[in-house]
>>> print(open('target_25.cif').read())   # mmCIF, N, CA and C atoms
data_start
#
loop_
_atom_site.label_atom_id
_atom_site.label_comp_id
_atom_site.auth_asym_id
_atom_site.auth_seq_id
_atom_site.Cartn_x
_atom_site.Cartn_y
_atom_site.Cartn_z
N MET A 581 102.65 39.13 0.52
CA MET A 581 103.00 38.84 1.89
C MET A 581 102.72 37.36 2.17
N SER A 582 103.70 36.65 2.69
CA SER A 582 103.56 35.23 2.97
C SER A 582 102.96 35.00 4.35
N HIS A 583 102.06 34.04 4.43
CA HIS A 583 101.46 33.65 5.70
C HIS A 583 101.97 32.29 6.16
N PHE A 584 102.90 31.70 5.44
CA PHE A 584 103.35 30.34 5.74
C PHE A 584 104.07 30.30 7.09
N THR A 585 103.78 29.26 7.88
CA THR A 585 104.40 29.04 9.17
C THR A 585 104.97 27.62 9.19
N THR A 586 106.18 27.46 9.72
CA THR A 586 106.85 26.17 9.76
C THR A 586 106.89 25.62 11.18
N ILE A 587 106.60 24.32 11.32
CA ILE A 587 106.67 23.64 12.60
C ILE A 587 107.53 22.40 12.43
N LEU A 588 108.55 22.23 13.29
CA LEU A 588 109.39 21.05 13.25
C LEU A 588 108.63 19.89 13.86
N THR A 589 108.62 18.77 13.16
CA THR A 589 107.94 17.57 13.66
C THR A 589 108.94 16.42 13.66
N GLN A 590 108.48 15.27 14.07
CA GLN A 590 109.31 14.08 14.06
C GLN A 590 108.85 13.11 12.97
N ILE A 591 108.38 13.61 11.86
CA ILE A 591 107.94 12.74 10.77
C ILE A 591 109.16 12.23 10.03
N ARG A 592 109.32 10.90 10.07
CA ARG A 592 110.44 10.26 9.40
C ARG A 592 109.98 9.14 8.48
N ASP A 593 108.73 8.69 8.62
CA ASP A 593 108.22 7.55 7.88
C ASP A 593 107.17 8.03 6.88
N VAL A 594 107.57 8.14 5.62
CA VAL A 594 106.70 8.69 4.58
C VAL A 594 105.49 7.77 4.35
N GLU A 595 105.68 6.46 4.44
CA GLU A 595 104.56 5.54 4.24
C GLU A 595 103.50 5.70 5.34
N ALA A 596 103.93 5.94 6.57
CA ALA A 596 102.97 6.18 7.66
C ALA A 596 102.24 7.50 7.44
N LEU A 597 102.95 8.51 6.95
CA LEU A 597 102.32 9.79 6.64
C LEU A 597 101.30 9.62 5.52
N GLU A 598 101.66 8.84 4.52
CA GLU A 598 100.75 8.61 3.40
C GLU A 598 99.48 7.89 3.88
N ALA A 599 99.63 6.92 4.78
CA ALA A 599 98.47 6.21 5.33
C ALA A 599 97.59 7.16 6.14
N ALA A 600 98.21 8.06 6.90
CA ALA A 600 97.44 9.06 7.66
C ALA A 600 96.66 9.96 6.71
N CYS A 601 97.30 10.39 5.64
CA CYS A 601 96.63 11.24 4.66
C CYS A 601 95.45 10.52 4.03
N THR A 602 95.64 9.26 3.68
CA THR A 602 94.57 8.47 3.08
C THR A 602 93.38 8.40 4.04
N GLU A 603 93.66 8.15 5.32
CA GLU A 603 92.59 8.08 6.30
C GLU A 603 91.84 9.40 6.44
N LEU A 604 92.56 10.51 6.29
CA LEU A 604 91.92 11.83 6.36
C LEU A 604 91.20 12.20 5.07
N GLY A 605 91.41 11.41 4.02
CA GLY A 605 90.77 11.70 2.75
C GLY A 605 91.48 12.75 1.93
N VAL A 606 92.79 12.90 2.16
CA VAL A 606 93.59 13.85 1.40
C VAL A 606 94.73 13.09 0.72
N GLU A 607 95.43 13.75 -0.19
CA GLU A 607 96.44 13.10 -1.00
C GLU A 607 97.84 13.58 -0.60
N LEU A 608 98.81 12.68 -0.63
CA LEU A 608 100.21 13.05 -0.40
C LEU A 608 100.92 13.02 -1.74
N LEU A 609 101.41 14.18 -2.16
CA LEU A 609 102.10 14.32 -3.44
C LEU A 609 103.59 14.51 -3.20
N ARG A 610 104.39 14.26 -4.21
CA ARG A 610 105.84 14.42 -4.10
C ARG A 610 106.32 15.51 -5.05
N ASP A 611 107.28 16.30 -4.55
CA ASP A 611 107.99 17.29 -5.35
C ASP A 611 107.04 18.23 -6.12
N THR A 612 106.25 18.97 -5.36
CA THR A 612 105.32 19.92 -5.98
C THR A 612 105.14 21.12 -5.05
N ASP A 613 104.28 22.04 -5.43
CA ASP A 613 104.05 23.25 -4.64
C ASP A 613 102.79 23.14 -3.79
N ALA A 614 102.88 23.66 -2.57
CA ALA A 614 101.74 23.77 -1.68
C ALA A 614 101.10 25.14 -1.88
N ARG A 615 99.79 25.17 -1.93
CA ARG A 615 99.06 26.43 -2.15
C ARG A 615 98.91 27.20 -0.85
N GLY A 616 98.96 28.53 -0.96
CA GLY A 616 98.78 29.41 0.18
C GLY A 616 97.94 30.62 -0.19
N PHE A 617 97.84 31.56 0.73
CA PHE A 617 97.04 32.77 0.57
C PHE A 617 97.49 33.58 -0.64
N ALA A 618 96.53 34.14 -1.35
CA ALA A 618 96.78 35.05 -2.48
C ALA A 618 97.70 34.43 -3.53
N ASP A 619 97.46 33.18 -3.84
CA ASP A 619 98.23 32.46 -4.85
C ASP A 619 99.71 32.31 -4.52
N SER A 620 100.08 32.47 -3.24
CA SER A 620 101.47 32.21 -2.87
C SER A 620 101.66 30.69 -2.83
N ALA A 621 102.90 30.26 -2.93
CA ALA A 621 103.18 28.83 -2.94
C ALA A 621 104.48 28.56 -2.20
N ARG A 622 104.59 27.34 -1.71
CA ARG A 622 105.81 26.88 -1.03
C ARG A 622 106.10 25.50 -1.58
N HIS A 623 107.33 25.31 -2.10
CA HIS A 623 107.68 24.02 -2.66
C HIS A 623 107.87 22.99 -1.55
N GLY A 624 107.47 21.76 -1.82
CA GLY A 624 107.64 20.70 -0.83
C GLY A 624 108.18 19.43 -1.43
N GLU A 625 109.09 18.79 -0.69
CA GLU A 625 109.50 17.43 -1.08
C GLU A 625 108.25 16.56 -1.10
N LEU A 626 107.40 16.79 -0.09
CA LEU A 626 106.09 16.15 0.01
C LEU A 626 105.07 17.26 0.21
N VAL A 627 103.88 17.08 -0.34
CA VAL A 627 102.81 18.06 -0.15
C VAL A 627 101.53 17.32 0.17
N VAL A 628 100.91 17.70 1.28
CA VAL A 628 99.60 17.17 1.64
C VAL A 628 98.59 18.07 0.92
N ARG A 629 97.98 17.54 -0.13
CA ARG A 629 97.02 18.31 -0.92
C ARG A 629 95.67 18.23 -0.22
N LEU A 630 95.27 19.33 0.39
CA LEU A 630 94.02 19.38 1.15
C LEU A 630 92.85 19.70 0.23
N GLN A 631 91.65 19.54 0.73
CA GLN A 631 90.47 19.79 -0.07
C GLN A 631 90.18 21.29 -0.19
N GLY A 632 90.58 22.07 0.80
CA GLY A 632 90.38 23.52 0.78
C GLY A 632 91.42 24.21 -0.09
N PRO A 633 91.54 25.55 0.07
CA PRO A 633 92.42 26.32 -0.82
C PRO A 633 93.91 26.27 -0.48
N TYR A 634 94.28 25.72 0.70
CA TYR A 634 95.69 25.71 1.10
C TYR A 634 96.16 24.28 1.33
N ASP A 635 97.47 24.07 1.26
CA ASP A 635 98.07 22.75 1.42
C ASP A 635 99.15 22.80 2.49
N ILE A 636 99.78 21.65 2.74
CA ILE A 636 100.88 21.54 3.69
C ILE A 636 102.11 21.05 2.94
N ALA A 637 103.22 21.78 3.06
CA ALA A 637 104.50 21.36 2.46
C ALA A 637 105.34 20.70 3.55
N ALA A 638 106.02 19.61 3.19
CA ALA A 638 106.92 18.92 4.11
C ALA A 638 108.31 18.88 3.50
N ASN A 639 109.27 19.43 4.22
CA ASN A 639 110.66 19.45 3.76
C ASN A 639 111.59 19.09 4.90
N ARG A 640 112.74 18.52 4.57
CA ARG A 640 113.76 18.21 5.55
C ARG A 640 114.92 19.18 5.37
N PRO A 641 115.43 19.75 6.46
CA PRO A 641 116.61 20.62 6.35
C PRO A 641 117.84 19.86 5.86
N ALA A 642 117.91 18.56 6.21
CA ALA A 642 119.00 17.69 5.77
C ALA A 642 118.42 16.29 5.63
N PRO A 643 119.02 15.43 4.82
CA PRO A 643 118.45 14.10 4.56
C PRO A 643 118.21 13.24 5.81
N THR A 644 118.96 13.42 6.86
CA THR A 644 118.79 12.59 8.06
C THR A 644 117.87 13.23 9.10
N GLU A 645 117.40 14.42 8.85
CA GLU A 645 116.56 15.13 9.81
C GLU A 645 115.08 14.88 9.53
N PRO A 646 114.22 15.09 10.55
CA PRO A 646 112.77 14.91 10.33
C PRO A 646 112.21 16.03 9.46
N TYR A 647 111.02 15.78 8.94
CA TYR A 647 110.34 16.77 8.10
C TYR A 647 109.82 17.92 8.93
N GLU A 648 109.89 19.09 8.37
CA GLU A 648 109.24 20.29 8.90
C GLU A 648 107.97 20.49 8.07
N LEU A 649 106.87 20.73 8.75
CA LEU A 649 105.61 20.99 8.06
C LEU A 649 105.38 22.49 7.99
N THR A 650 105.04 22.96 6.80
CA THR A 650 104.81 24.38 6.57
C THR A 650 103.45 24.56 5.90
N THR A 651 102.67 25.48 6.43
CA THR A 651 101.37 25.76 5.83
C THR A 651 100.97 27.20 6.07
N ASP A 652 99.90 27.60 5.44
CA ASP A 652 99.30 28.91 5.64
C ASP A 652 98.05 28.70 6.51
N TRP A 653 98.11 29.13 7.76
CA TRP A 653 97.02 28.91 8.71
C TRP A 653 95.90 29.93 8.57
N TRP A 654 96.01 30.89 7.66
CA TRP A 654 95.04 31.97 7.56
C TRP A 654 93.62 31.45 7.38
N ASN A 655 92.72 32.00 8.13
CA ASN A 655 91.28 31.80 8.03
C ASN A 655 90.81 30.38 8.39
N GLY A 656 91.68 29.58 9.01
CA GLY A 656 91.27 28.29 9.54
C GLY A 656 91.04 27.17 8.54
N HIS A 657 91.42 27.38 7.27
CA HIS A 657 91.18 26.35 6.25
C HIS A 657 91.90 25.05 6.58
N VAL A 658 93.18 25.13 6.89
CA VAL A 658 93.99 23.94 7.18
C VAL A 658 93.55 23.32 8.50
N GLU A 659 93.32 24.14 9.50
CA GLU A 659 92.92 23.65 10.82
C GLU A 659 91.64 22.82 10.76
N ARG A 660 90.69 23.22 9.92
CA ARG A 660 89.44 22.47 9.79
C ARG A 660 89.68 21.06 9.26
N GLU A 661 90.70 20.89 8.44
CA GLU A 661 90.93 19.57 7.83
C GLU A 661 91.88 18.68 8.64
N VAL A 662 92.88 19.28 9.28
CA VAL A 662 93.88 18.45 9.97
C VAL A 662 93.99 18.75 11.46
N GLY A 663 93.18 19.67 11.95
CA GLY A 663 93.20 20.00 13.37
C GLY A 663 94.20 21.10 13.70
N PRO A 664 94.05 21.71 14.89
CA PRO A 664 94.99 22.75 15.32
C PRO A 664 96.41 22.18 15.41
N ASN A 665 97.36 22.93 14.91
CA ASN A 665 98.78 22.51 14.90
C ASN A 665 98.95 21.12 14.31
N TYR A 666 98.19 20.80 13.29
CA TYR A 666 98.24 19.51 12.58
C TYR A 666 97.80 18.35 13.47
N GLY A 667 97.07 18.60 14.55
CA GLY A 667 96.75 17.59 15.55
C GLY A 667 96.23 16.28 15.03
N ARG A 668 95.19 16.28 14.20
CA ARG A 668 94.62 15.02 13.70
C ARG A 668 95.59 14.32 12.75
N LEU A 669 96.26 15.10 11.91
CA LEU A 669 97.25 14.51 10.99
C LEU A 669 98.36 13.82 11.77
N LEU A 670 98.91 14.50 12.77
CA LEU A 670 100.00 13.92 13.56
C LEU A 670 99.52 12.74 14.40
N GLN A 671 98.29 12.80 14.91
CA GLN A 671 97.74 11.68 15.67
C GLN A 671 97.66 10.44 14.77
N LEU A 672 97.12 10.60 13.57
CA LEU A 672 97.00 9.46 12.67
C LEU A 672 98.36 8.99 12.18
N TYR A 673 99.30 9.91 11.99
CA TYR A 673 100.66 9.51 11.64
C TYR A 673 101.21 8.61 12.75
N GLY A 674 101.04 9.00 13.99
CA GLY A 674 101.53 8.21 15.12
C GLY A 674 100.87 6.84 15.17
N VAL A 675 99.59 6.79 14.89
CA VAL A 675 98.86 5.51 14.88
C VAL A 675 99.44 4.60 13.80
N HIS A 676 99.59 5.12 12.60
CA HIS A 676 100.08 4.29 11.49
C HIS A 676 101.55 3.91 11.68
N LYS A 677 102.34 4.81 12.23
CA LYS A 677 103.74 4.49 12.51
C LYS A 677 103.82 3.36 13.54
N THR A 678 103.03 3.44 14.59
CA THR A 678 103.02 2.41 15.62
C THR A 678 102.57 1.07 15.04
N MET A 679 101.55 1.10 14.22
CA MET A 679 101.05 -0.14 13.62
C MET A 679 102.10 -0.77 12.70
N ARG A 680 102.83 0.04 11.97
CA ARG A 680 103.89 -0.47 11.08
C ARG A 680 105.03 -1.09 11.90
N GLU A 681 105.41 -0.42 12.97
CA GLU A 681 106.49 -0.95 13.82
C GLU A 681 106.05 -2.23 14.53
N ALA A 682 104.81 -2.27 14.97
CA ALA A 682 104.28 -3.46 15.63
C ALA A 682 104.27 -4.65 14.66
N ALA A 683 103.89 -4.41 13.43
CA ALA A 683 103.87 -5.48 12.42
C ALA A 683 105.28 -6.04 12.20
N LYS A 684 106.29 -5.19 12.22
CA LYS A 684 107.68 -5.65 12.06
C LYS A 684 108.08 -6.60 13.18
N LYS A 685 107.49 -6.40 14.36
CA LYS A 685 107.80 -7.23 15.53
C LYS A 685 106.78 -8.35 15.71
N HIS A 686 105.92 -8.53 14.70
CA HIS A 686 104.89 -9.57 14.70
C HIS A 686 103.93 -9.44 15.89
N LEU A 687 103.61 -8.20 16.24
CA LEU A 687 102.65 -7.94 17.30
C LEU A 687 101.27 -7.68 16.69
N ARG A 688 100.24 -8.08 17.40
CA ARG A 688 98.87 -7.82 17.00
C ARG A 688 98.46 -6.47 17.56
N VAL A 689 97.77 -5.68 16.76
CA VAL A 689 97.35 -4.34 17.18
C VAL A 689 95.83 -4.26 17.15
N THR A 690 95.27 -3.79 18.25
CA THR A 690 93.84 -3.50 18.30
C THR A 690 93.70 -1.98 18.42
N ARG A 691 92.85 -1.44 17.59
CA ARG A 691 92.66 0.02 17.56
C ARG A 691 91.23 0.34 17.96
N ARG A 692 91.09 1.33 18.84
CA ARG A 692 89.76 1.74 19.29
C ARG A 692 89.69 3.26 19.35
N GLN A 693 88.65 3.82 18.76
CA GLN A 693 88.39 5.26 18.80
C GLN A 693 87.68 5.57 20.11
N GLU A 694 88.23 6.46 20.90
CA GLU A 694 87.63 6.85 22.18
C GLU A 694 86.62 7.97 21.94
N THR A 695 85.71 8.16 22.88
CA THR A 695 84.67 9.18 22.73
C THR A 695 85.24 10.60 22.72
N ASP A 696 86.43 10.79 23.32
CA ASP A 696 87.04 12.12 23.34
C ASP A 696 87.85 12.42 22.08
N GLY A 697 87.83 11.49 21.11
CA GLY A 697 88.56 11.70 19.87
C GLY A 697 89.93 11.05 19.84
N SER A 698 90.42 10.63 20.99
CA SER A 698 91.72 9.97 21.02
C SER A 698 91.60 8.57 20.45
N ILE A 699 92.72 7.98 20.12
CA ILE A 699 92.76 6.63 19.57
C ILE A 699 93.60 5.78 20.51
N LYS A 700 93.02 4.67 20.94
CA LYS A 700 93.73 3.76 21.83
C LYS A 700 94.21 2.56 21.04
N LEU A 701 95.52 2.30 21.12
CA LEU A 701 96.12 1.13 20.48
C LEU A 701 96.53 0.15 21.57
N THR A 702 96.22 -1.12 21.38
CA THR A 702 96.65 -2.17 22.29
C THR A 702 97.49 -3.14 21.47
N LEU A 703 98.70 -3.41 21.94
CA LEU A 703 99.60 -4.32 21.25
C LEU A 703 99.72 -5.60 22.05
N ALA A 704 99.72 -6.73 21.36
CA ALA A 704 99.84 -8.03 22.02
C ALA A 704 100.64 -8.97 21.14
N ALA A 705 101.30 -9.92 21.79
CA ALA A 705 102.10 -10.91 21.06
C ALA A 705 101.21 -11.94 20.40
#
>>> encode(input="target_25.cif", output="structure tokens")
Amino acid sequence: MSHFTTILTQIRDVEALEAACTELGVELLRDTDARGFADSARHGELVVRLQGPYDIAANRPAPTEPYELTTDWWNGHVEREVGPNYGRLLQLYGVHKTMREAAKKHLRVTRRQETDGSIKLTLAA
């Protein structure tokens, strides 16, 4: 029985995703299988290899569409590492994507971690 659940995201920048994974202390692999409950697996164009027993597979329905993230949420293993509904992973992806886009426009970025866990970015010319 598969426990994998898919969520559509707006992930389009693989380098920003890779930077987010690095910050979380996990690895982004290409063209491999994501681990799930009871030795089940889901193939991914990209796979976030987590430290626990399950991983996250990222696939696009079509080459121009954003990645869908699929994982096995059973027993909270994935949630502990990346947050509920991928919250911390997606937050850091957004941070790194913003920083990459700001650099293209030659903007200076200041990053500050807030006490509530949010991240504040300030962009300046």
>>> closest_residue(input="target_25.cif", among="A:Pro646, A:Gly656, A:Val675, A:Asp696", to="Gln590 in chain A", atoms="only N, CA and C atoms")
A:Pro646
>>> residues_around(input="target_25.cif", residues="Ile591 in chain A", least_positions_apart="5", cutoff="12 Å", atoms="only C-alpha atoms", output="list in words")
Ala596, Leu597, Glu598, Ala600, Leu626, Ala638, Asn639, Arg640, Thr644, Glu645, Pro646, Tyr647, Glu648, Leu649, Tyr666, Leu669, Leu670, Gln671, Leu672, Tyr673, Gly674, His676 and Lys677 of chain A
>>> residues_near_point(input="target_25.cif", point="(92.0, -0.3, 23.2)", cutoff="6.5 Å", atoms="only N, CA and C atoms", output="PyMOL selection string")
chain A and resi 690-692+700-702
>>> atom_distance(input="target_25.cif", atom1="atom N of Ala618 in chain A", atom2="atom N of Ala637 in chain A")
14.7 Å
>>> select_by_dssp(input="target_25.cif", residues="chain A", states="helix (DSSP H, G or I)", output="short mmCIF file (atom, residue, chain, number, x, y, z; two decimals) with N, CA and C atoms, in the coordinates of the input")
data_model
loop_
_atom_site.label_atom_id
_atom_site.label_comp_id
_atom_site.auth_asym_id
_atom_site.auth_seq_id
_atom_site.Cartn_x
_atom_site.Cartn_y
_atom_site.Cartn_z
N VAL A 594 107.57 8.14 5.62
CA VAL A 594 106.70 8.69 4.58
C VAL A 594 105.49 7.77 4.35
N GLU A 595 105.68 6.46 4.44
CA GLU A 595 104.56 5.54 4.24
C GLU A 595 103.50 5.70 5.34
N ALA A 596 103.93 5.94 6.57
CA ALA A 596 102.97 6.18 7.66
C ALA A 596 102.24 7.50 7.44
N LEU A 597 102.95 8.51 6.95
CA LEU A 597 102.32 9.79 6.64
C LEU A 597 101.30 9.62 5.52
N GLU A 598 101.66 8.84 4.52
CA GLU A 598 100.75 8.61 3.40
C GLU A 598 99.48 7.89 3.88
N ALA A 599 99.63 6.92 4.78
CA ALA A 599 98.47 6.21 5.33
C ALA A 599 97.59 7.16 6.14
N ALA A 600 98.21 8.06 6.90
CA ALA A 600 97.44 9.06 7.66
C ALA A 600 96.66 9.96 6.71
N CYS A 601 97.30 10.39 5.64
CA CYS A 601 96.63 11.24 4.66
C CYS A 601 95.45 10.52 4.03
N THR A 602 95.64 9.26 3.68
CA THR A 602 94.57 8.47 3.08
C THR A 602 93.38 8.40 4.04
N GLU A 603 93.66 8.15 5.32
CA GLU A 603 92.59 8.08 6.30
C GLU A 603 91.84 9.40 6.44
N LEU A 604 92.56 10.51 6.29
CA LEU A 604 91.92 11.83 6.36
C LEU A 604 91.20 12.20 5.07
N PHE A 617 97.84 31.56 0.73
CA PHE A 617 97.04 32.77 0.57
C PHE A 617 97.49 33.58 -0.64
N ALA A 618 96.53 34.14 -1.35
CA ALA A 618 96.78 35.05 -2.48
C ALA A 618 97.70 34.43 -3.53
N ASP A 619 97.46 33.18 -3.84
CA ASP A 619 98.23 32.46 -4.85
C ASP A 619 99.71 32.31 -4.52
N TRP A 654 96.01 30.89 7.66
CA TRP A 654 95.04 31.97 7.56
C TRP A 654 93.62 31.45 7.38
N ASN A 655 92.72 32.00 8.13
CA ASN A 655 91.28 31.80 8.03
C ASN A 655 90.81 30.38 8.39
N GLY A 656 91.68 29.58 9.01
CA GLY A 656 91.27 28.29 9.54
C GLY A 656 91.04 27.17 8.54
N HIS A 657 91.42 27.38 7.27
CA HIS A 657 91.18 26.35 6.25
C HIS A 657 91.90 25.05 6.58
N VAL A 658 93.18 25.13 6.89
CA VAL A 658 93.99 23.94 7.18
C VAL A 658 93.55 23.32 8.50
N GLU A 659 93.32 24.14 9.50
CA GLU A 659 92.92 23.65 10.82
C GLU A 659 91.64 22.82 10.76
N ARG A 660 90.69 23.22 9.92
CA ARG A 660 89.44 22.47 9.79
C ARG A 660 89.68 21.06 9.26
N GLU A 661 90.70 20.89 8.44
CA GLU A 661 90.93 19.57 7.83
C GLU A 661 91.88 18.68 8.64
N VAL A 662 92.88 19.28 9.28
CA VAL A 662 93.88 18.45 9.97
C VAL A 662 93.99 18.75 11.46
N PRO A 664 94.05 21.71 14.89
CA PRO A 664 94.99 22.75 15.32
C PRO A 664 96.41 22.18 15.41
N ASN A 665 97.36 22.93 14.91
CA ASN A 665 98.78 22.51 14.90
C ASN A 665 98.95 21.12 14.31
N TYR A 666 98.19 20.80 13.29
CA TYR A 666 98.24 19.51 12.58
C TYR A 666 97.80 18.35 13.47
N GLY A 667 97.07 18.60 14.55
CA GLY A 667 96.75 17.59 15.55
C GLY A 667 96.23 16.28 15.03
N ARG A 668 95.19 16.28 14.20
CA ARG A 668 94.62 15.02 13.70
C ARG A 668 95.59 14.32 12.75
N LEU A 669 96.26 15.10 11.91
CA LEU A 669 97.25 14.51 10.99
C LEU A 669 98.36 13.82 11.77
N LEU A 670 98.91 14.50 12.77
CA LEU A 670 100.00 13.92 13.56
C LEU A 670 99.52 12.74 14.40
N GLN A 671 98.29 12.80 14.91
CA GLN A 671 97.74 11.68 15.67
C GLN A 671 97.66 10.44 14.77
N LEU A 672 97.12 10.60 13.57
CA LEU A 672 97.00 9.46 12.67
C LEU A 672 98.36 8.99 12.18
N TYR A 673 99.30 9.91 11.99
CA TYR A 673 100.66 9.51 11.64
C TYR A 673 101.21 8.61 12.75
N GLY A 674 101.04 9.00 13.99
CA GLY A 674 101.53 8.21 15.12
C GLY A 674 100.87 6.84 15.17
N VAL A 675 99.59 6.79 14.89
CA VAL A 675 98.86 5.51 14.88
C VAL A 675 99.44 4.60 13.80
N HIS A 676 99.59 5.12 12.60
CA HIS A 676 100.08 4.29 11.49
C HIS A 676 101.55 3.91 11.68
N LYS A 677 102.34 4.81 12.23
CA LYS A 677 103.74 4.49 12.51
C LYS A 677 103.82 3.36 13.54
N THR A 678 103.03 3.44 14.59
CA THR A 678 103.02 2.41 15.62
C THR A 678 102.57 1.07 15.04
N MET A 679 101.55 1.10 14.22
CA MET A 679 101.05 -0.14 13.62
C MET A 679 102.10 -0.77 12.70
N ARG A 680 102.83 0.04 11.97
CA ARG A 680 103.89 -0.47 11.08
C ARG A 680 105.03 -1.09 11.90
N GLU A 681 105.41 -0.42 12.97
CA GLU A 681 106.49 -0.95 13.82
C GLU A 681 106.05 -2.23 14.53
N ALA A 682 104.81 -2.27 14.97
CA ALA A 682 104.28 -3.46 15.63
C ALA A 682 104.27 -4.65 14.66
N ALA A 683 103.89 -4.41 13.43
CA ALA A 683 103.87 -5.48 12.42
C ALA A 683 105.28 -6.04 12.20
N LYS A 684 106.29 -5.19 12.22
CA LYS A 684 107.68 -5.65 12.06
C LYS A 684 108.08 -6.60 13.18
#
>>> resolve_selection(input="target_25.cif", expression="the PyMOL selection byres ((chain A and resi 633) around 6.5)", output="list in words")
Arg615, Gly616, Leu630, Gln631, Gly632, Tyr634, Asp635 and His657 of chain A
>>> closest_residue(input="target_25.cif", among="A:Leu703, A:Ala614, A:Ile636, A:Val606", to="Val689 in chain A", atoms="all atoms listed in the file")
A:Leu703
>>> atom_distance(input="target_25.cif", atom1="CA of Thr651 in chain A", atom2="atom N of His623 in chain A")
9.9 Å
>>> select_by_dssp(input="target_25.cif", residues="chain A", states="strand (DSSP E or B)", output="PyMOL selection string")
chain A and resi 584-591+607-615+621-629+636-639+647-652+688-693+699-704
>>> closest_residue(input="target_25.cif", among="A:Gly624, A:Arg629, A:Lys684, A:Pro641", to="Gly605 in chain A", atoms="all atoms listed in the file")
A:Arg629
>>> atom_distance(input="target_25.cif", atom1="CA of Ala621 in chain A", atom2="CA of Asp652 in chain A")
9.4 Å
>>> axis_aligned_box(input="target_25.cif", around="range 633-648 of chain A", padding_each_side="6 Å", output="JSON")
{"center_x": 105.3, "center_y": 19.5, "center_z": 4.9, "size_x": 39.5, "size_y": 25.7, "size_z": 23.4}
>>> closest_residue(input="target_25.cif", among="A:Leu609, A:Ala642, A:Ala704, A:Leu604", to="Arg668 in chain A", atoms="only N, CA and C atoms")
A:Leu604
>>> closest_residue(input="target_25.cif", among="A:Val594, A:Leu608, A:Ile699, A:Ala705", to="Leu687 in chain A", atoms="only N, CA and C atoms")
A:Ala705
>>> decode(input="target_25.cif", residues="range 588-599 of chain A", atoms="N, CA and C atoms", output="PDB file, in the first residue's frame")
ATOM      1  N   LEU A 588       1.392  20.052  -5.697  1.00  0.00           N
ATOM      2  CA  LEU A 588       1.894  20.903  -6.759  1.00  0.00           C
ATOM      3  C   LEU A 588       2.531  22.136  -6.139  1.00  0.00           C
ATOM      4  N   THR A 589       3.736  22.453  -6.575  1.00  0.00           N
ATOM      5  CA  THR A 589       4.436  23.630  -6.076  1.00  0.00           C
ATOM      6  C   THR A 589       4.833  24.496  -7.262  1.00  0.00           C
ATOM      7  N   GLN A 590       5.486  25.590  -6.978  1.00  0.00           N
ATOM      8  CA  GLN A 590       5.981  26.468  -8.026  1.00  0.00           C
ATOM      9  C   GLN A 590       7.501  26.394  -8.118  1.00  0.00           C
ATOM     10  N   ILE A 591       8.077  25.244  -7.880  1.00  0.00           N
ATOM     11  CA  ILE A 591       9.529  25.095  -7.968  1.00  0.00           C
ATOM     12  C   ILE A 591       9.920  24.990  -9.430  1.00  0.00           C
ATOM     13  N   ARG A 592      10.709  25.980  -9.865  1.00  0.00           N
ATOM     14  CA  ARG A 592      11.178  26.018 -11.244  1.00  0.00           C
ATOM     15  C   ARG A 592      12.690  26.167 -11.326  1.00  0.00           C
ATOM     16  N   ASP A 593      13.336  26.549 -10.225  1.00  0.00           N
ATOM     17  CA  ASP A 593      14.762  26.834 -10.207  1.00  0.00           C
ATOM     18  C   ASP A 593      15.479  25.749  -9.406  1.00  0.00           C
ATOM     19  N   VAL A 594      16.100  24.807 -10.110  1.00  0.00           N
ATOM     20  CA  VAL A 594      16.740  23.663  -9.463  1.00  0.00           C
ATOM     21  C   VAL A 594      17.927  24.116  -8.606  1.00  0.00           C
ATOM     22  N   GLU A 595      18.664  25.135  -9.056  1.00  0.00           N
ATOM     23  CA  GLU A 595      19.805  25.612  -8.269  1.00  0.00           C
ATOM     24  C   GLU A 595      19.352  26.221  -6.940  1.00  0.00           C
ATOM     25  N   ALA A 596      18.222  26.920  -6.935  1.00  0.00           N
ATOM     26  CA  ALA A 596      17.691  27.467  -5.681  1.00  0.00           C
ATOM     27  C   ALA A 596      17.226  26.338  -4.768  1.00  0.00           C
ATOM     28  N   LEU A 597      16.629  25.302  -5.343  1.00  0.00           N
ATOM     29  CA  LEU A 597      16.218  24.141  -4.548  1.00  0.00           C
ATOM     30  C   LEU A 597      17.438  23.450  -3.957  1.00  0.00           C
ATOM     31  N   GLU A 598      18.485  23.323  -4.748  1.00  0.00           N
ATOM     32  CA  GLU A 598      19.705  22.685  -4.267  1.00  0.00           C
ATOM     33  C   GLU A 598      20.318  23.487  -3.109  1.00  0.00           C
ATOM     34  N   ALA A 599      20.305  24.815  -3.211  1.00  0.00           N
ATOM     35  CA  ALA A 599      20.820  25.664  -2.137  1.00  0.00           C
ATOM     36  C   ALA A 599      19.982  25.510  -0.873  1.00  0.00           C
TER      37      ALA A 599
END
